[in-house]
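The file coords-v7.cif contains mmCIF, C-alpha atoms:
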```
data_entry
loop_
_atom_site.label_atom_id
_atom_site.label_comp_id
_atom_site.auth_asym_id
_atom_site.auth_seq_id
_atom_site.Cartn_x
_atom_site.Cartn_y
_atom_site.Cartn_z
CA ILE R 251 51.29 37.48 83.66
CA LEU R 252 48.27 35.29 82.99
CA LYS R 253 47.68 34.97 86.71
CA TYR R 254 48.18 38.56 87.88
CA ILE R 255 47.72 40.90 84.89
CA ASP R 256 44.23 41.78 83.53
CA LEU R 257 45.34 43.68 80.42
CA THR R 258 48.64 44.27 78.64
CA LEU R 259 49.05 47.23 76.27
CA CYS R 260 51.76 46.45 73.75
CA LEU R 261 54.02 48.85 71.87
CA PHE R 262 54.51 46.32 69.07
CA ASN R 263 51.93 44.20 67.29
CA PHE R 264 54.05 41.02 67.48
CA GLU R 265 53.86 41.28 71.28
CA HIS R 266 50.06 41.55 71.07
CA LYS R 267 49.88 38.49 68.80
CA PHE R 268 52.03 36.49 71.22
CA TYR R 269 49.70 37.27 74.13
CA GLN R 270 46.68 36.37 71.99
CA GLU R 271 48.21 32.97 71.25
CA VAL R 272 48.58 32.18 74.96
CA GLY R 273 45.08 33.40 75.85
CA HIS R 274 46.04 36.66 77.58
CA THR R 275 43.98 39.84 77.16
CA SER R 276 46.06 42.43 75.35
CA SER R 277 45.88 45.15 72.74
CA HIS R 278 48.32 46.85 70.40
CA LEU R 279 48.63 50.36 71.83
CA GLY R 280 51.08 51.50 69.16
CA HIS R 281 54.50 53.13 69.26
CA PRO R 282 55.36 56.86 69.25
CA PHE R 283 57.82 56.25 66.39
CA SER R 284 54.79 55.94 64.10
CA LYS R 285 54.60 59.74 64.11
CA ILE R 286 58.25 60.84 63.96
CA GLU R 287 59.55 62.81 60.98
CA LYS R 288 62.95 63.90 59.75
CA ILE R 289 64.27 67.22 60.98
CA SER R 290 65.23 69.80 58.35
CA LYS R 291 68.83 69.41 57.21
CA HIS R 292 69.34 73.16 57.14
CA TYR R 293 68.17 73.39 60.76
CA VAL R 294 70.58 70.63 61.83
CA PHE R 295 73.52 72.12 59.93
CA ASP R 296 72.88 75.50 61.56
CA LYS R 297 72.26 74.13 65.05
CA PHE R 298 75.50 72.14 65.19
CA GLN R 299 77.50 74.38 62.81
CA LEU R 300 78.17 71.51 60.41
CA ASP R 301 79.76 71.69 56.97
CA GLN R 302 77.08 71.04 54.34
CA ALA R 303 79.73 69.89 51.88
CA LYS R 304 80.61 66.89 54.06
CA LYS R 305 78.84 63.54 54.26
CA TYR R 306 77.69 62.21 57.64
CA VAL R 307 77.38 58.85 59.36
CA SER R 308 75.60 58.41 62.68
CA VAL R 309 77.27 56.05 65.13
CA LEU R 310 75.01 54.92 67.99
CA PRO R 311 76.89 52.76 70.51
CA GLY R 312 73.97 52.38 72.94
CA SER R 313 72.73 53.91 76.17
CA ARG R 314 74.16 51.42 78.69
CA GLU R 315 77.69 51.34 80.06
CA SER R 316 78.05 47.67 79.08
CA GLU R 317 77.12 48.51 75.48
CA ILE R 318 79.66 51.33 75.38
CA LYS R 319 82.29 48.95 76.75
CA TYR R 320 81.75 46.26 74.11
CA MET R 321 80.61 48.25 71.09
CA LEU R 322 82.41 51.60 71.04
CA PRO R 323 85.95 50.21 70.56
CA ILE R 324 84.66 48.34 67.50
CA TYR R 325 83.00 51.47 66.17
CA LYS R 326 86.18 53.47 66.81
CA ASP R 327 88.11 50.97 64.67
CA PHE R 328 85.45 51.23 61.98
CA ILE R 329 85.67 55.04 61.97
CA GLU R 330 89.43 54.87 61.53
CA LEU R 331 89.08 52.32 58.72
CA HIS R 332 86.24 54.07 56.89
CA SER R 333 87.64 57.60 57.24
CA GLY R 334 90.97 56.43 55.82
CA GLU R 335 89.13 55.43 52.63
CA ASN R 336 86.54 58.24 52.73
CA PRO R 337 88.08 61.53 53.91
CA ASP R 338 84.89 63.49 53.09
CA TYR R 339 82.90 61.81 55.90
CA ILE R 340 82.18 63.04 59.43
CA TYR R 341 80.98 60.67 62.17
CA LEU R 342 78.24 61.82 64.53
CA ILE R 343 77.78 60.26 67.97
CA PRO R 344 74.70 61.34 69.98
CA THR R 345 74.78 60.79 73.75
CA SER R 346 71.91 60.53 76.24
CA ASN R 347 73.54 61.86 79.41
CA GLU R 348 76.67 63.56 80.69
CA LYS R 349 78.19 60.41 82.22
CA LEU R 350 78.04 58.45 78.94
CA HIS R 351 79.15 61.55 77.04
CA LYS R 352 82.37 61.71 79.04
CA GLU R 353 82.95 57.97 78.71
CA ILE R 354 82.50 58.12 74.93
CA GLU R 355 84.85 61.11 74.65
CA LYS R 356 87.45 59.20 76.69
CA ILE R 357 87.30 56.13 74.41
CA ILE R 358 87.17 58.03 71.11
CA GLY R 359 89.95 60.44 72.07
CA ALA R 360 91.00 63.33 69.87
CA ASN R 361 89.55 62.87 66.39
CA LYS R 362 88.63 65.83 64.19
CA ASN R 363 86.31 63.60 62.13
CA VAL R 364 84.07 62.74 65.11
CA ILE R 365 81.42 65.02 66.60
CA ILE R 366 79.83 64.04 69.94
CA ARG R 367 76.74 65.89 71.19
CA MET R 368 74.11 65.27 73.85
CA ASN R 369 70.40 64.79 72.99
CA SER R 370 70.96 64.90 69.25
CA ILE R 371 69.95 61.47 67.91
CA ARG R 372 67.08 62.57 65.69
CA GLU R 373 69.00 65.53 64.31
CA PHE R 374 72.03 63.40 63.51
CA LEU R 375 70.00 60.60 61.88
CA SER R 376 68.13 63.15 59.77
CA ILE R 377 71.30 64.20 57.93
CA SER R 378 73.23 60.91 57.83
CA GLU R 379 73.84 58.71 54.81
CA PHE R 380 73.58 55.63 57.02
CA SER R 381 74.05 54.62 60.64
CA VAL R 382 76.00 52.05 62.63
CA VAL R 383 73.74 51.12 65.52
CA THR R 384 73.84 48.86 68.53
CA SER R 385 70.69 46.71 68.35
CA GLY R 386 67.75 48.33 70.14
CA THR R 387 65.10 51.00 69.54
CA ALA R 388 67.69 53.28 67.92
CA SER R 389 67.86 50.90 64.95
CA LEU R 390 64.11 51.31 64.46
CA GLU R 391 64.30 55.10 64.76
CA SER R 392 67.10 55.13 62.20
CA ALA R 393 65.14 53.02 59.70
CA ILE R 394 62.02 55.17 60.06
CA LEU R 395 64.05 58.34 59.47
CA GLU R 396 65.31 56.78 56.20
CA CYS R 397 68.84 56.45 57.53
CA PRO R 398 69.53 52.76 56.82
CA PRO R 399 71.13 51.10 59.87
CA ILE R 400 73.86 48.51 60.07
CA ILE R 401 72.67 46.71 63.19
CA CYS R 402 75.37 45.43 65.52
CA TYR R 403 75.46 43.55 68.78
CA LYS R 404 78.18 42.03 70.90
CA THR R 405 78.26 40.98 74.55
CA ASN R 406 80.41 38.73 76.70
CA PRO R 407 80.52 35.09 75.53
CA ILE R 408 78.60 33.69 78.52
CA ASN R 409 75.71 36.15 78.06
CA TYR R 410 75.59 35.43 74.35
CA PHE R 411 75.57 31.67 74.90
CA ILE R 412 72.55 31.99 77.21
CA ILE R 413 70.69 34.45 74.96
CA SER R 414 71.33 32.46 71.77
CA LYS R 415 69.76 29.34 73.34
CA MET R 416 66.60 31.33 74.13
CA LEU R 417 66.17 33.05 70.77
CA LYS R 418 63.56 31.61 68.41
CA VAL R 419 63.89 34.23 65.66
CA GLN R 420 66.45 34.70 62.90
CA SER R 421 66.68 38.49 63.21
CA VAL R 422 67.48 40.56 66.29
CA GLY R 423 67.10 44.08 64.88
CA LEU R 424 63.70 45.67 65.56
CA PRO R 425 63.13 46.94 62.00
CA ASN R 426 63.86 43.47 60.60
CA LEU R 427 61.58 41.84 63.19
CA LEU R 428 58.74 44.23 62.32
CA LEU R 429 59.23 43.79 58.57
CA ARG R 430 59.40 39.99 59.09
CA LYS R 431 62.48 39.75 56.86
CA GLN R 432 66.11 40.78 57.07
CA ILE R 433 66.24 44.03 55.13
CA PHE R 434 69.00 45.71 57.12
CA PRO R 435 72.37 44.00 57.71
CA GLU R 436 72.96 42.49 61.14
CA LEU R 437 76.39 41.75 62.57
CA ILE R 438 76.20 39.71 65.75
CA GLN R 439 78.96 38.62 68.15
CA LYS R 440 81.95 37.24 66.16
CA GLU R 441 80.71 38.85 62.94
CA CYS R 442 80.68 42.26 64.62
CA ASN R 443 83.99 43.86 63.71
CA SER R 444 85.19 46.96 61.89
CA GLU R 445 85.94 45.13 58.62
CA ASN R 446 82.48 43.57 58.40
CA ILE R 447 80.80 46.88 59.23
CA ASN R 448 82.74 48.47 56.39
CA LYS R 449 81.72 45.69 54.00
CA ALA R 450 78.06 45.94 55.06
CA ILE R 451 77.90 49.49 53.66
CA ASN R 452 77.69 47.95 50.17
CA GLU R 453 74.45 46.20 51.19
CA LEU R 454 72.82 49.55 51.93
CA ASP R 455 72.79 50.65 48.27
CA ARG R 456 69.90 48.29 47.49
CA ILE R 457 67.97 49.64 50.49
CA LYS R 458 68.29 53.39 49.88
CA SER R 459 66.03 53.37 46.82
CA LYS R 460 63.31 51.69 48.92
CA SER R 461 63.75 53.80 52.07
CA SER R 462 60.43 55.61 51.66
CA GLU R 463 58.50 52.34 51.16
CA ILE R 464 60.22 50.77 54.17
CA GLN R 465 59.43 53.85 56.28
CA ASP R 466 55.73 53.67 55.33
CA GLU R 467 55.53 49.95 56.12
CA LEU R 468 57.23 50.38 59.49
CA LYS R 469 55.07 53.35 60.49
CA GLN R 470 51.90 51.56 59.47
CA GLY R 471 52.90 48.53 61.54
CA LEU R 472 53.54 50.74 64.57
CA CYS R 473 50.08 52.30 64.54
CA GLY R 474 47.86 50.80 67.22
CA ILE R 475 44.61 51.68 68.94
CA GLY R 476 46.09 54.84 70.47
CA PRO R 477 45.88 56.24 74.02
CA ASN R 478 42.18 57.22 73.92
CA ASN R 479 41.00 53.73 73.04
CA ALA R 480 43.50 52.27 75.51
CA CYS R 481 41.91 54.34 78.27
CA LYS R 482 38.50 52.96 77.34
CA LEU R 483 39.83 49.41 77.63
CA ILE R 484 41.26 50.17 81.07
CA LEU R 485 38.02 51.75 82.26
CA GLY R 486 36.13 48.68 81.04
CA LEU R 487 38.08 46.28 83.22
#
```

As structure tokens - that is how I would like this structure written.
Amino acid sequence: ILKYIDLTLCLFNFEHKFYQEVGHTSSHLGHPFSKIEKISKHYVFDKFQLDQAKKYVSVLPGSRESEIKYMLPIYKDFIELHSGENPDYIYLIPTSNEKLHKEIEKIIGANKNVIIRMNSIREFLSISEFSVVTSGTASLESAILECPPIICYKTNPINYFIISKMLKVQSVGLPNLLLRKQIFPELIQKECNSENINKAINELDRIKSKSSEIQDELKQGLCGIGPNNACKLILGL
């Protein structure tokens, strides 16, 4: 990068700071999540014909086939465990394309407590009490929409062994990285199972009262120079 790239525009400020430390020209462009807002609950209930008397949990297994393979069976077990103790809950799974939609339906099977819809992530997060999320940008979106995430990640043992040797940070979830402390629970590899996800729900009670403060801090940290100023930097090269 130092040799071939003149300017890097970063979505996150920690990326910009890293490049500064190594002497590379960069700027914090900012992230579009700095401007997202919750969608009206009434609109979501009407759009998806949902029962307003129920409580909702968003379950976000990821957008890659490998993530679906490793994460969704765990989330399915969690849904069965949690719904057995909480019959008033419905579990919402948004999907990003038809192929993943069919794969998720195949794994979940017939379950009246699960609703699967395409292109519905923001709507589902806007009405959910909390979310169970595979680590990635969805965890950040969930936190900003004041839907506290339980951040999960599991991959094959060889991949994890390699990744764990490269990591130099304690947290893997984007909201925790941006807040520079572990606010939201993270369940990684062996810790990622249905029982631990169910237990982690208790940790969310202390977060819910601070959701608005956390949202403001995250949004503020995602604001950068913006596209107009970025264009000026590019033109000045």

Go through the shown structure with the PyMOL selection byres ((chain R and resi 303-310) around 8) and write out the matching residues as a list in words.
Asp301, Gln302, Pro311, Gly312, Tyr325, Asp338, Tyr339, Ile340, Tyr341, Leu342, Ile343, Pro344, Phe374, Leu375, Ile377, Ser378, Glu379, Phe380, Ser381, Val382, Val383, Thr384 and Ala388 of chain R

Any chance you can output those residues with C-alpha atoms as a CSV table (one decimal), in the coordinates of the input?
```csv
chain,number,residue,atom,x,y,z
R,301,ASP,CA,79.8,71.7,57.0
R,302,GLN,CA,77.1,71.0,54.3
R,311,PRO,CA,76.9,52.8,70.5
R,312,GLY,CA,74.0,52.4,72.9
R,325,TYR,CA,83.0,51.5,66.2
R,338,ASP,CA,84.9,63.5,53.1
R,339,TYR,CA,82.9,61.8,55.9
R,340,ILE,CA,82.2,63.0,59.4
R,341,TYR,CA,81.0,60.7,62.2
R,342,LEU,CA,78.2,61.8,64.5
R,343,ILE,CA,77.8,60.3,68.0
R,344,PRO,CA,74.7,61.3,70.0
R,374,PHE,CA,72.0,63.4,63.5
R,375,LEU,CA,70.0,60.6,61.9
R,377,ILE,CA,71.3,64.2,57.9
R,378,SER,CA,73.2,60.9,57.8
R,379,GLU,CA,73.8,58.7,54.8
R,380,PHE,CA,73.6,55.6,57.0
R,381,SER,CA,74.0,54.6,60.6
R,382,VAL,CA,76.0,52.0,62.6
R,383,VAL,CA,73.7,51.1,65.5
R,384,THR,CA,73.8,48.9,68.5
R,388,ALA,CA,67.7,53.3,67.9
```

Quick one: which residues end up in the PyMOL selection byres ((chain R and resi 272-284) around 8) for this structure, as an MDAnalysis selection string?
chainID R and resid 252 256:263 265:266 268:271 285:286 391 394 468:470 472:477 480

Would you kindly return, as a list in words, each protein, DNA or RNA residue with an atom no farther than 10 Å from any atom of R:Thr345, considering all atoms listed in the file and excluding same-chain residues fewer than 6 positions away?
Leu310, Pro311, Gly312, Ser313, His351, Lys352, Glu353, Ile354, Ile366, Arg367, Met368, Asn369, Ser370 and Ile371 of chain R

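If you measure from each of R:Lys404, R:Lys458, R:Lys319, R:Lys349 to R:Cys442 using only C-alpha atoms, the closest one turns out to be R:Lys404.
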
Please measure the separation of atom CA of R:Asp455 and atom CA of R:Asn363, giving the value in Å to one decimal.
23.3 Å

On this structure, the PyMOL selection byres ((chain R and resi 288) around 6) would catch which residues? List them as a ChimeraX atom specification, sorted by chain and number.
/R:287,289,376,395

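The nearest approach to R:Glu467 among the residues R:Ala393, R:Leu322, R:Ile447, R:Cys481, with all atoms listed in the file taken into account, belongs to R:Ala393.
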